[in-house]
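Novice: Provided herewith: start_9.cif, mmCIF, C-alpha atoms.
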```cif
data_final
#
loop_
_atom_site.label_atom_id
_atom_site.label_comp_id
_atom_site.auth_asym_id
_atom_site.auth_seq_id
_atom_site.Cartn_x
_atom_site.Cartn_y
_atom_site.Cartn_z
CA MET U 1 104.29 81.50 110.90
CA THR U 2 105.01 83.08 107.52
CA ASP U 3 108.28 84.48 106.25
CA LEU U 4 106.94 87.99 106.82
CA ASP U 5 106.29 87.21 110.50
CA ASN U 6 109.97 86.63 111.17
CA ALA U 7 112.31 89.30 112.48
CA PRO U 8 113.50 91.67 109.73
CA ALA U 9 116.68 90.69 107.93
CA VAL U 10 119.76 92.61 109.05
CA GLY U 11 121.63 94.78 106.56
CA HIS U 12 125.37 95.32 106.18
CA ASP U 13 125.35 98.21 108.68
CA GLY U 14 123.65 96.24 111.45
CA HIS U 15 120.25 97.86 110.85
CA SER U 16 117.26 96.06 109.38
CA ALA U 17 117.62 95.45 105.64
CA MET U 18 114.63 97.68 104.87
CA ALA U 19 115.87 100.54 107.05
CA ALA U 20 119.34 100.24 105.53
CA ARG U 21 117.94 100.24 101.97
CA PHE U 22 115.93 103.46 102.20
CA ARG U 23 117.73 105.58 104.82
CA GLY U 24 115.41 104.54 107.61
CA TYR U 25 112.19 104.99 105.61
CA LEU U 26 109.61 102.26 105.03
CA PRO U 27 107.92 102.53 101.61
CA VAL U 28 104.13 102.38 101.99
CA VAL U 29 101.95 102.49 98.89
CA VAL U 30 98.92 104.76 99.29
CA ASP U 31 95.95 105.33 97.01
CA VAL U 32 93.07 107.68 97.70
CA GLU U 33 89.69 108.22 96.07
CA THR U 34 88.34 111.72 96.46
CA GLY U 35 85.46 114.05 95.75
CA GLY U 36 87.49 116.08 93.26
CA PHE U 37 90.99 117.34 92.53
CA ASP U 38 91.34 120.17 95.09
CA TRP U 39 92.69 118.76 98.35
CA ASN U 40 91.85 121.99 100.19
CA ARG U 41 88.19 121.79 99.20
CA HIS U 42 87.18 118.30 98.11
CA ALA U 43 86.51 115.35 100.40
CA LEU U 44 88.72 112.34 101.01
CA LEU U 45 86.37 109.38 100.44
CA GLU U 46 88.55 106.27 100.49
CA ILE U 47 92.13 105.44 101.44
CA ALA U 48 94.21 102.27 101.18
CA ALA U 49 97.79 101.65 102.27
CA VAL U 50 100.10 98.71 101.52
CA PRO U 51 103.39 98.54 103.45
CA ILE U 52 106.26 97.06 101.45
CA GLU U 53 107.75 93.98 103.10
CA LEU U 54 110.75 91.69 102.49
CA ASP U 55 110.39 87.97 101.80
CA ALA U 56 112.79 85.26 102.95
CA GLU U 57 115.05 85.95 99.95
CA GLY U 58 115.21 89.66 100.71
CA ARG U 59 112.97 90.65 97.80
CA PHE U 60 110.38 93.39 98.09
CA VAL U 61 106.79 92.15 98.31
CA PRO U 62 103.48 93.89 99.03
CA GLY U 63 102.29 93.58 102.61
CA GLU U 64 98.76 93.48 103.98
CA VAL U 65 96.46 96.28 102.86
CA ALA U 66 94.86 98.65 105.38
CA HIS U 67 91.75 100.39 104.13
CA ALA U 68 88.90 102.71 105.07
CA HIS U 69 85.85 104.30 103.44
CA LEU U 70 85.28 107.81 104.75
CA ASP U 71 82.28 110.08 105.13
CA PRO U 72 82.96 113.52 103.64
CA ALA U 73 84.48 115.68 106.37
CA PRO U 74 82.54 118.76 107.47
CA GLY U 75 83.42 121.70 105.28
CA THR U 76 84.48 119.58 102.31
CA SER U 77 82.57 119.11 99.07
CA VAL U 78 82.05 116.36 96.49
CA ASP U 79 81.94 116.95 92.75
CA PRO U 80 79.29 114.58 91.31
CA LYS U 81 81.52 113.99 88.29
CA SER U 82 84.15 112.43 90.55
CA LEU U 83 81.59 109.90 91.79
CA GLU U 84 80.84 108.93 88.19
CA VAL U 85 84.52 108.05 87.75
CA THR U 86 85.02 106.20 91.04
CA GLY U 87 81.61 104.57 91.25
CA ILE U 88 81.40 105.53 94.93
CA LYS U 89 77.83 105.66 96.26
CA LEU U 90 77.80 107.98 99.24
CA GLY U 91 75.45 106.81 101.97
CA HIS U 92 75.39 103.20 100.76
CA PRO U 93 75.21 101.03 103.90
CA LEU U 94 77.74 98.52 102.55
CA ARG U 95 80.41 101.23 102.34
CA PHE U 96 80.71 101.06 106.15
CA ALA U 97 82.06 104.60 106.00
CA VAL U 98 83.61 106.16 109.10
CA ASP U 99 84.59 109.67 110.10
CA GLU U 100 87.91 111.02 108.88
CA ARG U 101 89.79 110.61 112.18
CA THR U 102 88.67 106.99 112.56
CA GLY U 103 89.56 106.24 108.95
CA LEU U 104 93.04 107.68 109.31
CA ASP U 105 93.62 105.61 112.44
CA LYS U 106 92.55 102.44 110.57
CA VAL U 107 95.45 103.10 108.20
CA PHE U 108 98.00 104.76 110.46
CA VAL U 109 98.00 102.12 113.22
CA PRO U 110 99.12 99.20 110.99
CA VAL U 111 101.53 101.47 109.11
CA ARG U 112 103.20 102.53 112.36
CA ALA U 113 103.43 98.86 113.37
CA ALA U 114 105.17 98.03 110.07
CA VAL U 115 107.57 100.96 110.51
CA LYS U 116 108.48 99.68 113.98
CA ARG U 117 108.80 96.08 112.81
CA HIS U 118 111.37 97.03 110.19
CA GLY U 119 113.34 99.31 112.51
CA CYS U 120 112.53 102.33 110.34
CA GLN U 121 112.09 105.91 111.50
CA ARG U 122 108.96 106.71 109.51
CA ALA U 123 106.99 105.78 106.41
CA ILE U 124 107.48 107.34 103.00
CA LEU U 125 104.46 107.46 100.71
CA VAL U 126 104.64 105.56 97.43
CA GLY U 127 102.00 106.50 94.89
CA HIS U 128 101.18 106.87 91.23
CA ASN U 129 101.25 110.67 90.94
CA ALA U 130 102.21 110.46 94.59
CA HIS U 131 101.84 114.10 95.57
CA PHE U 132 98.13 113.97 94.73
CA ASP U 133 97.68 111.25 97.37
CA LEU U 134 100.03 112.95 99.83
CA ASN U 135 98.28 116.31 99.52
CA PHE U 136 94.88 114.79 100.28
CA LEU U 137 96.39 112.80 103.15
CA ASN U 138 98.06 115.89 104.63
CA ALA U 139 94.85 117.90 104.27
CA ALA U 140 92.92 115.26 106.21
CA VAL U 141 95.63 115.11 108.88
CA ALA U 142 95.41 118.89 109.28
CA ARG U 143 91.60 118.88 109.49
CA VAL U 144 91.52 116.40 112.37
CA GLN U 145 94.79 117.67 113.88
CA HIS U 146 96.21 114.14 113.92
CA LYS U 147 99.43 114.02 115.92
CA ARG U 148 100.65 110.55 114.92
CA ASN U 149 100.92 110.68 111.15
CA PRO U 150 103.68 108.15 110.28
CA PHE U 151 104.35 109.56 106.79
CA HIS U 152 107.08 111.98 105.77
CA PRO U 153 105.33 115.33 105.19
CA PHE U 154 106.68 115.98 101.69
CA SER U 155 109.05 113.27 100.38
CA VAL U 156 107.59 110.51 98.19
CA PHE U 157 108.48 107.68 95.84
CA ASP U 158 106.47 108.21 92.64
CA THR U 159 105.80 105.15 90.48
CA VAL U 160 105.07 107.42 87.51
CA THR U 161 108.75 108.34 87.46
CA MET U 162 109.87 104.80 88.26
CA ALA U 163 107.71 103.24 85.53
CA GLY U 164 108.70 105.90 83.03
CA LEU U 165 112.34 105.01 83.65
CA ALA U 166 111.84 101.25 83.73
CA TYR U 167 109.21 100.71 81.03
CA GLY U 168 108.68 104.00 79.18
CA GLN U 169 105.11 104.08 80.53
CA THR U 170 103.50 106.60 82.87
CA VAL U 171 99.82 105.55 82.89
CA LEU U 172 99.24 103.06 85.71
CA ALA U 173 97.36 100.47 83.64
CA ARG U 174 100.01 100.52 80.90
CA ALA U 175 102.89 100.42 83.37
CA VAL U 176 101.35 97.47 85.21
CA HIS U 177 100.85 95.66 81.90
CA ALA U 178 104.47 96.37 80.90
CA ALA U 179 105.60 94.84 84.19
CA GLY U 180 103.66 91.65 83.43
CA ILE U 181 101.13 92.24 86.21
CA PRO U 182 97.43 91.49 85.55
CA TRP U 183 95.15 94.53 85.30
CA ASP U 184 91.35 94.57 85.43
CA GLY U 185 89.97 97.89 84.26
CA ARG U 186 86.62 97.11 85.90
CA GLU U 187 88.32 97.20 89.32
CA ALA U 188 90.24 100.43 88.69
CA HIS U 189 89.44 103.50 90.81
CA SER U 190 89.02 101.35 93.89
CA ALA U 191 91.62 102.51 96.41
CA VAL U 192 92.38 98.93 97.45
CA TYR U 193 92.77 97.63 93.90
CA ASP U 194 94.89 100.56 92.71
CA ALA U 195 97.08 100.43 95.84
CA GLU U 196 97.68 96.69 95.47
CA ARG U 197 98.60 96.99 91.78
CA THR U 198 100.82 99.99 92.47
CA ALA U 199 102.55 98.03 95.24
CA GLU U 200 103.22 95.17 92.81
CA LEU U 201 104.57 97.67 90.28
CA PHE U 202 106.89 99.26 92.86
CA CYS U 203 108.20 95.84 93.91
CA ALA U 204 108.77 94.72 90.32
CA ILE U 205 110.87 97.79 89.57
CA ALA U 206 112.71 97.87 92.90
CA ASN U 207 113.56 94.16 92.71
CA ALA U 208 115.00 94.59 89.21
CA TRP U 209 117.19 97.50 90.30
CA PRO U 210 120.68 96.63 91.60
CA SER U 211 121.00 97.09 95.34
CA PRO U 212 123.46 99.78 96.45
CA ALA U 213 126.90 98.36 97.09
CA ALA U 214 127.98 97.98 100.69
CA PRO U 215 130.64 100.52 101.71
CA ALA U 216 134.16 99.19 101.50
CA ALA U 217 135.77 98.18 104.78
CA ALA U 218 138.34 100.61 106.11
#
```
How does the structure come out when it is put into structure tokens?
Specialist:
Amino acid sequence: MTDLDNAPAVGHDGHSAMAARFRGYLPVVVDVETGGFDWNRHALLEIAAVPIELDAEGRFVPGEVAHAHLDPAPGTSVDPKSLEVTGIKLGHPLRFAVDERTGLDKVFVPVRAAVKRHGCQRAILVGHNAHFDLNFLNAAVARVQHKRNPFHPFSVFDTVTMAGLAYGQTVLARAVHAAGIPWDGREAHSAVYDAERTAELFCAIANAWPSPAAPAAA
């Protein structure tokens, strides 16, 4: 049994430490790869999510990644230029792509389990330019009429803002480098790789930030 398998640490208010830290929200890092920039028109092609966990010392650490490759949903389009950037080869048998509903479930089920494990009310999306990821996620949820989306519909934690404050950097590769985290440009634009590095960046900044003081006893 690992430290992360144990029951969540309890905060000063009797709730789990994670729920107490973020008002009942569990930070979950999400990265998407898409067929373009328009979430109302372009396809969601890949999604990865990394719940943030607490180690035995109460420090934030990345959890286990959940991931899916997606077939373009009916009615969506793919700009060939986007595939040149991401390197995604649609139709490649080793993509093991699934339909949009199945792909969302592959991510949502473990995220909901992490939310429950930490005694949180719902997940809050963490991303680098987070509203880009959230808009594509919300568009996919609407297309399949998914009723069990664990994410807050509009609130996010954006690591662009966090890294700009902490390191004076807003580009993901430069922010990760400033945080002392290894970065391999050849792996960039993979949803899993970008989500994992963004999760490490979030944890580095959050762990360096002083925890809110407990309220004084009456």
Novice: In the coordinate frame of the file, compute which residues have an atom within 12 Å of (95.6, 102.5, 109.5) when using all atoms listed in the file, and state them as a ChimeraX atom specification.
Specialist: /U:28,30,47-51,64-69,100-114,148-151
Novice: What residues have an atom no more than 9 Å from (101.2, 111.7, 99.6) in the file's own frame, counting all atoms listed in the file, and can you write them as a PyMOL selection string?
Specialist: chain U and resi 30-31+124-127+129-138+151-156
Novice: So that I can see what lies close to stretch 78-86 of chain U, please list as a VMD selection string the residues with an atom at most 7 Å from it, counting all atoms listed in the file and leaving out residues fewer than 6 positions away in the same chain.
Specialist: chain U and resid 35 to 36 42 to 43 189 to 190
Novice: Evaluate the PyMOL selection byres ((chain U and resi 91) around 12) here and jot the selected residues down as a PDB file with C-alpha atoms, in the frame of the given file.
Specialist:
```pdb
ATOM      1  CA  LEU U  45      86.370 109.380 100.440  1.00  0.00           C
ATOM      2  CA  HIS U  69      85.850 104.300 103.440  1.00  0.00           C
ATOM      3  CA  LEU U  70      85.280 107.810 104.750  1.00  0.00           C
ATOM      4  CA  ASP U  71      82.280 110.080 105.130  1.00  0.00           C
ATOM      5  CA  PRO U  72      82.960 113.520 103.640  1.00  0.00           C
ATOM      6  CA  ILE U  88      81.400 105.530  94.930  1.00  0.00           C
ATOM      7  CA  LYS U  89      77.830 105.660  96.260  1.00  0.00           C
ATOM      8  CA  LEU U  90      77.800 107.980  99.240  1.00  0.00           C
ATOM      9  CA  HIS U  92      75.390 103.200 100.760  1.00  0.00           C
ATOM     10  CA  PRO U  93      75.210 101.030 103.900  1.00  0.00           C
ATOM     11  CA  LEU U  94      77.740  98.520 102.550  1.00  0.00           C
ATOM     12  CA  ARG U  95      80.410 101.230 102.340  1.00  0.00           C
ATOM     13  CA  PHE U  96      80.710 101.060 106.150  1.00  0.00           C
ATOM     14  CA  ALA U  97      82.060 104.600 106.000  1.00  0.00           C
ATOM     15  CA  VAL U  98      83.610 106.160 109.100  1.00  0.00           C
TER      16      VAL U  98
END
```
Novice: I'd like the interatomic distance between atom CA of U:Pro210 and atom CA of U:Leu26, to a tenth of an Å.
Specialist: 18.3 Å
Novice: Going by the chain IDs and residue numbers used in this file, which residues fall under the PyMOL selection byres ((chain U and resi 62) around 10)? Write them as a PyMOL selection string.
Specialist: chain U and resi 28-29+50-55+60-61+63-65+195-203
Novice: May I ask for the distance between atom CA of U:Ala17 and atom CA of U:Gly119, given in Å to one decimal place?
Specialist: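 So the two atoms, atom CA of U:Ala17 and atom CA of U:Gly119, lie 9.0 Å apart.
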Novice: Grab the atom CA of U:Thr161 to atom CA of U:Cys120 distance for me, in Å with one decimal place.
Specialist: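 Here the two named atoms are 24.0 Å from each other.
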Novice: Export N, CA and C atoms of stretch 162-183 of chain U from the structure just given, as an mmCIF file, in the first residue's frame?
Specialist:
```cif
data_model
loop_
_atom_site.group_PDB
_atom_site.id
_atom_site.type_symbol
_atom_site.label_atom_id
_atom_site.label_comp_id
_atom_site.auth_asym_id
_atom_site.auth_seq_id
_atom_site.Cartn_x
_atom_site.Cartn_y
_atom_site.Cartn_z
ATOM 1 N N MET U 162 -0.425 31.289 -12.702
ATOM 2 C CA MET U 162 0.397 30.858 -11.577
ATOM 3 C C MET U 162 1.882 30.958 -11.898
ATOM 4 N N ALA U 163 2.281 30.495 -13.098
ATOM 5 C CA ALA U 163 3.698 30.533 -13.473
ATOM 6 C C ALA U 163 4.165 31.959 -13.740
ATOM 7 N N GLY U 164 3.275 32.788 -14.271
ATOM 8 C CA GLY U 164 3.642 34.185 -14.465
ATOM 9 C C GLY U 164 3.937 34.862 -13.145
ATOM 10 N N LEU U 165 3.142 34.535 -12.121
ATOM 11 C CA LEU U 165 3.360 35.103 -10.791
ATOM 12 C C LEU U 165 4.609 34.529 -10.146
ATOM 13 N N ALA U 166 4.784 33.211 -10.258
ATOM 14 C CA ALA U 166 5.876 32.548 -9.539
ATOM 15 C C ALA U 166 7.230 32.709 -10.221
ATOM 16 N N TYR U 167 7.238 32.653 -11.556
ATOM 17 C CA TYR U 167 8.520 32.592 -12.273
ATOM 18 C C TYR U 167 8.692 33.672 -13.342
ATOM 19 N N GLY U 168 7.657 34.467 -13.597
ATOM 20 C CA GLY U 168 7.741 35.438 -14.676
ATOM 21 C C GLY U 168 7.711 34.801 -16.045
ATOM 22 N N GLN U 169 7.188 33.575 -16.144
ATOM 23 C CA GLN U 169 7.111 32.851 -17.407
ATOM 24 C C GLN U 169 5.672 32.425 -17.661
ATOM 25 N N THR U 170 5.253 32.491 -18.923
ATOM 26 C CA THR U 170 3.891 32.086 -19.273
ATOM 27 C C THR U 170 3.859 30.943 -20.285
ATOM 28 N N VAL U 171 4.919 30.724 -21.035
ATOM 29 C CA VAL U 171 5.000 29.596 -21.960
ATOM 30 C C VAL U 171 5.280 28.337 -21.146
ATOM 31 N N LEU U 172 4.552 27.253 -21.424
ATOM 32 C CA LEU U 172 4.659 26.058 -20.596
ATOM 33 C C LEU U 172 6.087 25.543 -20.515
ATOM 34 N N ALA U 173 6.774 25.395 -21.632
ATOM 35 C CA ALA U 173 8.133 24.851 -21.617
ATOM 36 C C ALA U 173 9.057 25.708 -20.763
ATOM 37 N N ARG U 174 8.934 27.030 -20.870
ATOM 38 C CA ARG U 174 9.809 27.924 -20.104
ATOM 39 C C ARG U 174 9.440 27.911 -18.626
ATOM 40 N N ALA U 175 8.149 27.820 -18.326
ATOM 41 C CA ALA U 175 7.726 27.769 -16.929
ATOM 42 C C ALA U 175 8.196 26.480 -16.269
ATOM 43 N N VAL U 176 8.056 25.375 -16.974
ATOM 44 C CA VAL U 176 8.520 24.088 -16.452
ATOM 45 C C VAL U 176 10.022 24.127 -16.199
ATOM 46 N N HIS U 177 10.773 24.686 -17.145
ATOM 47 C CA HIS U 177 12.228 24.815 -16.970
ATOM 48 C C HIS U 177 12.554 25.688 -15.763
ATOM 49 N N ALA U 178 11.824 26.798 -15.596
ATOM 50 C CA ALA U 178 12.068 27.691 -14.457
ATOM 51 C C ALA U 178 11.794 26.995 -13.131
ATOM 52 N N ALA U 179 10.874 26.040 -13.148
ATOM 53 C CA ALA U 179 10.544 25.295 -11.931
ATOM 54 C C ALA U 179 11.517 24.148 -11.665
ATOM 55 N N GLY U 180 12.490 23.953 -12.566
ATOM 56 C CA GLY U 180 13.463 22.879 -12.384
ATOM 57 C C GLY U 180 12.941 21.512 -12.769
ATOM 58 N N ILE U 181 11.926 21.477 -13.627
ATOM 59 C CA ILE U 181 11.316 20.224 -14.064
ATOM 60 C C ILE U 181 11.832 19.908 -15.465
ATOM 61 N N PRO U 182 12.250 18.671 -15.732
ATOM 62 C CA PRO U 182 12.730 18.321 -17.080
ATOM 63 C C PRO U 182 11.647 18.515 -18.136
ATOM 64 N N TRP U 183 12.061 18.934 -19.331
ATOM 65 C CA TRP U 183 11.136 19.149 -20.442
ATOM 66 C C TRP U 183 11.749 18.589 -21.719
#
```
